[in-house]
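Asks: Data file coords-v3.cif (mmCIF, C-alpha atoms) is appended below.
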data_structure
#
loop_
_atom_site.label_atom_id
_atom_site.label_comp_id
_atom_site.auth_asym_id
_atom_site.auth_seq_id
_atom_site.Cartn_x
_atom_site.Cartn_y
_atom_site.Cartn_z
CA MET A 1275 -30.19 2.55 0.23
CA LYS A 1276 -33.19 0.42 -0.74
CA ASP A 1277 -33.69 -3.35 -1.10
CA LEU A 1278 -30.91 -4.44 1.22
CA LYS A 1279 -30.61 -8.07 2.26
CA THR A 1280 -29.39 -8.89 5.78
CA ILE A 1281 -27.40 -11.99 6.71
CA GLU A 1282 -25.61 -13.09 9.87
CA ILE A 1283 -21.89 -13.78 9.62
CA THR A 1284 -20.31 -15.76 12.44
CA LEU A 1285 -16.60 -15.08 12.80
CA GLU A 1286 -13.99 -17.50 14.08
CA SER A 1287 -14.09 -15.51 17.31
CA LYS A 1288 -17.82 -16.46 17.57
CA ASP A 1289 -18.78 -12.81 17.17
CA ILE A 1290 -21.84 -12.35 14.95
CA ILE A 1291 -22.03 -9.60 12.34
CA GLN A 1292 -25.33 -8.33 10.92
CA PHE A 1293 -24.28 -7.72 7.33
CA GLN A 1294 -26.35 -5.82 4.75
CA TYR A 1295 -25.91 -5.64 0.98
CA PRO A 1296 -27.99 -5.29 -2.21
CA LYS A 1297 -29.25 -8.71 -3.29
CA ALA A 1298 -28.24 -7.93 -6.89
CA GLU A 1299 -24.59 -7.85 -5.78
CA GLU A 1300 -24.67 -11.09 -3.78
CA GLU A 1301 -22.25 -12.96 -6.04
CA MET A 1302 -19.61 -10.25 -5.65
CA ILE A 1303 -20.10 -10.11 -1.88
CA PHE A 1304 -19.76 -13.86 -1.35
CA SER A 1305 -16.76 -14.13 -3.65
CA VAL A 1306 -14.94 -11.90 -1.15
CA LEU A 1307 -16.36 -13.44 2.05
CA GLU A 1308 -15.50 -16.96 0.90
CA GLY A 1309 -11.89 -16.05 0.13
CA LYS A 1310 -12.05 -16.45 -3.65
CA ASP A 1311 -10.93 -12.91 -4.45
CA TYR A 1312 -8.18 -12.55 -1.84
CA PRO A 1313 -6.84 -16.02 -0.97
CA LEU A 1314 -4.29 -15.86 1.83
CA ILE A 1315 -2.47 -19.13 1.24
CA ASN A 1316 0.34 -17.56 -0.84
CA ILE A 1317 0.87 -14.25 0.94
CA ASN A 1318 4.06 -13.23 2.70
CA LYS A 1319 3.91 -13.79 6.43
CA THR A 1320 2.33 -10.88 8.27
CA ASN A 1321 3.20 -9.32 11.60
CA LYS A 1322 1.44 -10.50 14.75
CA ASP A 1323 -0.70 -7.34 14.66
CA PRO A 1324 -0.85 -6.71 10.91
CA ILE A 1325 -1.64 -3.40 9.27
CA ILE A 1326 -4.18 -3.82 6.47
CA VAL A 1327 -5.22 -1.04 4.11
CA ASP A 1328 -8.38 -1.50 2.06
CA PHE A 1329 -8.91 0.78 -0.95
CA GLY A 1330 -12.48 0.36 -2.19
CA SER A 1331 -14.17 -1.13 0.89
CA ASN A 1332 -17.67 -1.21 -0.63
CA PHE A 1333 -20.07 -2.71 1.95
CA GLY A 1334 -17.26 -4.13 4.09
CA SER A 1335 -17.05 -7.75 2.97
CA SER A 1336 -13.27 -7.49 2.52
CA ILE A 1337 -12.83 -5.81 5.92
CA ILE A 1338 -14.85 -8.55 7.63
CA TYR A 1339 -12.92 -11.23 5.72
CA PHE A 1340 -9.53 -9.82 6.70
CA LYS A 1341 -10.60 -9.21 10.30
CA ASP A 1342 -11.87 -12.78 10.60
CA ASN A 1343 -8.51 -14.13 9.42
CA PHE A 1344 -6.42 -11.58 11.31
CA PRO A 1345 -8.35 -10.73 14.50
CA ASN A 1346 -5.47 -8.61 15.89
CA SER A 1347 -5.18 -6.53 12.74
CA LYS A 1348 -5.62 -2.79 12.40
CA ILE A 1349 -7.59 -2.04 9.24
CA PHE A 1350 -7.95 1.24 7.36
CA GLY A 1351 -10.83 1.26 4.88
CA TYR A 1352 -11.76 3.80 2.20
CA GLU A 1353 -15.12 4.05 0.42
CA PRO A 1354 -16.25 7.24 -1.36
CA SER A 1355 -19.95 6.70 -2.15
CA LYS A 1356 -22.23 8.29 0.44
CA GLU A 1357 -24.93 5.60 0.54
CA THR A 1358 -22.47 2.72 0.34
CA PHE A 1359 -20.38 4.25 3.11
CA GLU A 1360 -23.38 4.44 5.45
CA VAL A 1361 -24.01 0.72 5.02
CA LEU A 1362 -20.27 0.00 5.40
CA LYS A 1363 -20.28 1.91 8.68
CA GLN A 1364 -23.17 -0.18 10.03
CA ASN A 1365 -21.68 -3.47 8.82
CA THR A 1366 -18.34 -2.89 10.55
CA LYS A 1367 -19.40 -0.96 13.66
CA SER A 1368 -19.01 -3.95 16.01
CA LEU A 1369 -15.46 -4.76 14.86
CA GLY A 1370 -12.50 -3.48 16.83
CA ASN A 1371 -9.60 -1.45 15.43
CA ILE A 1372 -11.37 -0.58 12.17
CA HIS A 1373 -10.86 2.93 10.78
CA ILE A 1374 -12.99 3.89 7.77
CA LYS A 1375 -13.15 7.12 5.78
CA LYS A 1376 -15.52 8.37 3.08
CA GLU A 1377 -12.85 9.06 0.48
CA ALA A 1378 -11.75 7.74 -2.89
CA ILE A 1379 -8.14 6.83 -3.58
CA TRP A 1380 -6.54 8.28 -6.70
CA ASN A 1381 -3.29 9.92 -7.80
CA LYS A 1382 -4.67 13.39 -7.08
CA LYS A 1383 -6.56 15.15 -4.30
CA GLY A 1384 -9.75 17.12 -4.74
CA LYS A 1385 -13.44 16.85 -5.52
CA PHE A 1386 -14.19 14.60 -8.47
CA ARG A 1387 -17.26 12.89 -9.88
CA LEU A 1388 -17.80 9.26 -8.99
CA ASN A 1389 -19.74 7.86 -11.94
CA TYR A 1390 -22.42 5.28 -11.27
CA GLY A 1391 -22.27 1.99 -13.15
CA PRO A 1392 -24.73 -0.14 -15.12
CA GLN A 1393 -27.84 -1.07 -13.13
CA ASN A 1394 -26.47 1.20 -10.39
CA ARG A 1395 -24.28 -1.63 -9.07
CA THR A 1396 -21.85 -0.19 -6.54
CA GLY A 1397 -19.10 -2.56 -7.67
CA SER A 1398 -18.82 -0.63 -10.92
CA PHE A 1399 -18.78 2.95 -9.59
CA THR A 1400 -15.71 4.62 -11.07
CA LEU A 1401 -13.84 7.92 -11.25
CA LEU A 1402 -13.54 7.41 -15.00
CA GLU A 1403 -16.37 8.30 -17.37
CA TRP A 1404 -18.67 5.72 -18.92
CA SER A 1405 -19.68 6.13 -22.56
CA ASN A 1406 -23.18 6.97 -21.28
CA ASP A 1407 -23.88 9.18 -18.29
CA LEU A 1408 -25.53 6.93 -15.70
CA GLY A 1409 -25.52 9.49 -12.92
CA GLY A 1410 -23.00 10.08 -10.18
CA GLU A 1411 -21.94 12.04 -7.14
CA TYR A 1412 -19.00 14.26 -6.27
CA VAL A 1413 -16.57 12.73 -3.80
CA GLN A 1414 -13.36 13.65 -2.03
CA THR A 1415 -10.24 11.95 -3.32
CA THR A 1416 -6.94 11.44 -1.55
CA THR A 1417 -3.66 9.69 -2.35
CA PHE A 1418 -1.77 6.74 -0.94
CA HIS A 1419 0.98 9.01 0.36
CA ASP A 1420 -1.48 11.21 2.22
CA VAL A 1421 -3.10 8.12 3.74
CA VAL A 1422 0.13 6.72 5.17
CA LYS A 1423 1.21 10.16 6.37
CA THR A 1424 -2.12 10.96 8.03
CA GLU A 1425 -2.44 7.54 9.66
CA ASN A 1426 1.28 7.35 10.54
CA ILE A 1427 1.69 4.01 8.75
CA ASN A 1428 5.29 2.83 8.40
CA GLU A 1429 4.73 -0.64 6.94
CA ILE A 1430 1.75 -2.41 5.36
CA ASP A 1431 1.18 -6.14 5.64
CA ILE A 1432 -1.71 -6.29 3.16
CA LEU A 1433 -2.91 -3.62 0.74
CA LYS A 1434 -6.11 -4.32 -1.18
CA ILE A 1435 -6.92 -2.22 -4.24
CA ASP A 1436 -10.37 -2.51 -5.82
CA ILE A 1437 -10.99 0.93 -7.28
CA GLU A 1438 -12.64 0.32 -10.63
CA SER A 1439 -10.25 1.16 -13.45
CA VAL A 1440 -7.91 3.62 -11.72
CA GLU A 1441 -5.73 0.91 -10.18
CA LEU A 1442 -2.74 1.70 -12.43
CA ASP A 1443 -2.96 5.40 -11.55
CA VAL A 1444 -2.73 4.48 -7.89
CA LEU A 1445 -0.03 1.81 -8.27
CA PHE A 1446 2.25 4.17 -10.19
CA ASN A 1447 1.60 6.85 -7.57
CA ILE A 1448 2.43 4.44 -4.73
CA PHE A 1449 5.78 3.57 -6.28
CA SER A 1450 6.70 7.07 -7.35
CA GLY A 1451 10.00 8.55 -6.20
CA GLU A 1452 8.66 9.66 -2.84
CA SER A 1453 7.71 6.14 -1.72
CA THR A 1454 9.84 4.37 0.88
CA ILE A 1455 7.18 2.34 2.71
CA LYS A 1456 7.39 -1.44 2.70
CA ILE A 1457 4.26 -3.23 1.42
CA LYS A 1458 4.49 -7.01 1.83
CA ASN A 1459 1.38 -8.06 -0.08
CA ILE A 1460 -0.83 -6.22 -2.56
CA PHE A 1461 -4.10 -7.60 -3.91
CA VAL A 1462 -5.14 -5.72 -7.06
CA GLU A 1463 -8.43 -6.17 -8.88
CA TYR A 1464 -7.54 -5.30 -12.45
CA HIS A 1465 -9.78 -4.24 -15.31
CA GLY A 1466 -8.40 -4.98 -18.78
CA GLU A 1467 -5.53 -6.98 -20.25
CA ILE A 1468 -3.58 -3.77 -20.76
CA VAL A 1469 -3.66 -3.14 -17.01
CA LEU A 1470 -2.54 -6.70 -16.26
CA ASN A 1471 0.34 -6.42 -18.74
CA GLU A 1472 1.41 -3.09 -17.23
CA ILE A 1473 1.50 -4.67 -13.78
CA HIS A 1474 3.73 -7.47 -15.08
CA ASN A 1475 5.99 -5.09 -16.98
CA ASN A 1476 6.46 -2.58 -14.17
CA PHE A 1477 6.33 -4.50 -10.90
CA SER A 1478 7.60 -8.06 -11.52
CA ASN A 1479 11.16 -7.13 -10.55
CA ALA A 1480 10.16 -6.30 -6.98
CA TYR A 1481 7.11 -8.53 -6.61
CA ASP A 1482 6.18 -12.11 -7.42
CA LEU A 1483 2.86 -11.98 -9.28
CA ILE A 1484 0.28 -14.64 -8.52
CA GLN A 1485 -3.08 -14.89 -10.29
CA CYS A 1486 -5.87 -15.29 -7.75
CA ASN A 1487 -9.34 -14.98 -9.23
CA GLU A 1488 -9.55 -14.64 -12.99
CA ILE A 1489 -13.12 -13.82 -13.99
CA ASP A 1490 -12.14 -13.58 -17.65
CA LYS A 1491 -9.11 -12.39 -19.62
CA SER A 1492 -9.91 -8.77 -18.88
CA GLN A 1493 -10.81 -8.90 -15.20
CA GLY A 1494 -9.55 -10.63 -12.10
CA VAL A 1495 -7.39 -10.29 -9.01
CA ILE A 1496 -3.62 -10.56 -8.88
CA LEU A 1497 -1.45 -10.85 -5.76
CA MET A 1498 1.76 -8.85 -5.74
CA LYS A 1499 4.01 -10.60 -3.21
CA LEU A 1500 7.16 -8.72 -2.18
CA LYS A 1501 10.32 -10.64 -3.07
#
Before we go any further, please render this structure as structure tokens.
Replies:
Amino acid sequence: MKDLKTIEITLESKDIIQFQYPKAEEEMIFSVLEGKDYPLININKTNKDPIIVDFGSNFGSSIIYFKDNFPNSKIFGYEPSKETFEVLKQNTKSLGNIHIKKEAIWNKKGKFRLNYGPQNRTGSFTLLEWSNDLGGEYVQTTTFHDVVKTENINEIDILKIDIESVELDVLFNIFSGESTIKIKNIFVEYHGEIVLNEIHNNFSNAYDLIQCNEIDKSQGVILMKLK
């Protein structure tokens, strides 16, 4: 991947991370690193050694952010794009108890096209089709239920979902009839008012819904906090 910027991130533990990312995506990266996207002040209390699952890890800013706040955590990260994954691997290689896989999360398993976004910004790569073909790559998809089965996860303290317009597909799959796993906190980046309304209509009985970072009326992050 070309034109990467490198910064040093000093964690609370005093460990220093050499972190790379495209300069054009700096605003997105720092929104995560500074805690704007996934504020922890309102979450349910986590275990001493929390399990964190990160769907859509991108270059690893969310993994580094969670690891900095929960140094004893075990984090599972998923990023499907080949070039992005290689940078993610380098950015997180010095962190302990991090498990990353080059897979996309969806409600079906198989090989599907990951469609590149405008200006080739990785934050807009999606399994859905754009009106114009901007290029893409074929990636392996898996499901939430296969993830927890493969990794032997019995409870999740924090689940982060940033998967560019297939978040409802995955949420409905998570809470399908086969689901019994307890998820204390879910951060969802939503795309569209329809998606936000569906989250309120379908999940507000089990979860308190807290708006975190509203970019505009059609995009933002919502925290689903288990009641």
Asks: Excluding Gln1294 (chain A) and residues on its chain fewer than 6 positions from it, collect all residues at most 12 Å away from it, counting only C-alpha atoms, and give them as an MDAnalysis selection string.
Replies: chainID A and resid 1275:1283 1300 1303 1332:1335 1358:1366
Asks: Compile the contact shell of region 1414-1431 of chain A as a ChimeraX atom specification: residues with an atom at most 8 Å away, counting only C-alpha atoms, same-chain residues fewer than 2 positions apart removed.
Replies: /A:1320-1321,1324-1327,1354,1376-1386,1412,1433,1444,1447-1448,1453,1455-1459
Asks: What is the distance, in Å and to one decimal place, between CA of Gly1391 (chain A) and CA of Ile1484 (chain A)?
Replies: 28.4 Å
Asks: Could you tell me which residues the PyMOL selection byres ((chain A and resi 1460) around 7) grabs in this file, written as a PyMOL selection string?
Replies: chain A and resi 1432-1434+1458-1459+1461-1462+1497-1499
Asks: May I ask for the distance between CA of Ser1405 (chain A) and CA of Ile1435 (chain A), given in Å to one decimal place?
Replies: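 Answer for the CA of Ser1405 (chain A) to CA of Ile1435 (chain A) separation: 23.8 Å.
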Asks: Find the residues near region 1286-1291 of chain A: any atom within 9 Å, counting all atoms listed in the file, skip ones fewer than 6 places away on the same chain, and give them as a list in words.
Replies: Ile1338, Asp1342, Asn1343, Pro1345, Asn1365, Thr1366, Ser1368 and Leu1369 of chain A
Asks: Find the residues near Ser1331 (chain A): any atom within 6 Å, counting only C-alpha atoms, skip ones fewer than 5 places away on the same chain, and give them as a list in words.
Replies: Gly1351, Tyr1352 and Glu1353 of chain A
Asks: Between CA of Asn1394 (chain A) and CA of Ser1355 (chain A), what distance in Å does the model show, to one decimal?
Replies: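 Straight-line distance from CA of Asn1394 (chain A) to CA of Ser1355 (chain A) works out to 11.9 Å.
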Asks: Neighbourhood query: residues within 12 Å of (-24.2, 3.5, -13.9), file coordinates, counting all atoms listed in the file; return as a ChimeraX atom specification.
Replies: /A:1388-1411
Asks: Skipping near chain neighbours, those fewer than 6 positions away, what residues fall within 10 Å of Phe1477 (chain A) using only C-alpha atoms, listed as a ChimeraX atom specification?
Replies: /A:1445-1446,1449,1483,1498,1500
Asks: Mind listing as a list in words all residues within 7 Å of (-0.7, -10.4, 14.9), counting only C-alpha atoms?
Replies: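 The answer, in the requested form, is Asn1321, Lys1322, Asp1323, Pro1324, Phe1344, Asn1346 and Ser1347 of chain A.
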Asks: Store the residues picked out above, limited to C-alpha atoms, as a tab-separated table (two decimals), keeping the file's coordinate frame.
Replies:
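For reference, result-v9.tsv as written:
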chain	number	residue	atom	x	y	z
A	1321	ASN	CA	3.20	-9.32	11.60
A	1322	LYS	CA	1.44	-10.50	14.75
A	1323	ASP	CA	-0.70	-7.34	14.66
A	1324	PRO	CA	-0.85	-6.71	10.91
A	1344	PHE	CA	-6.42	-11.58	11.31
A	1346	ASN	CA	-5.47	-8.61	15.89
A	1347	SER	CA	-5.18	-6.53	12.74
Asks: Residue by residue, what does the PyMOL selection byres ((chain A and resi 1464) around 9) grab here? Present the result as a PyMOL selection string.
Replies: chain A and resi 1435-1442+1462-1463+1465-1467+1469-1470+1492-1496
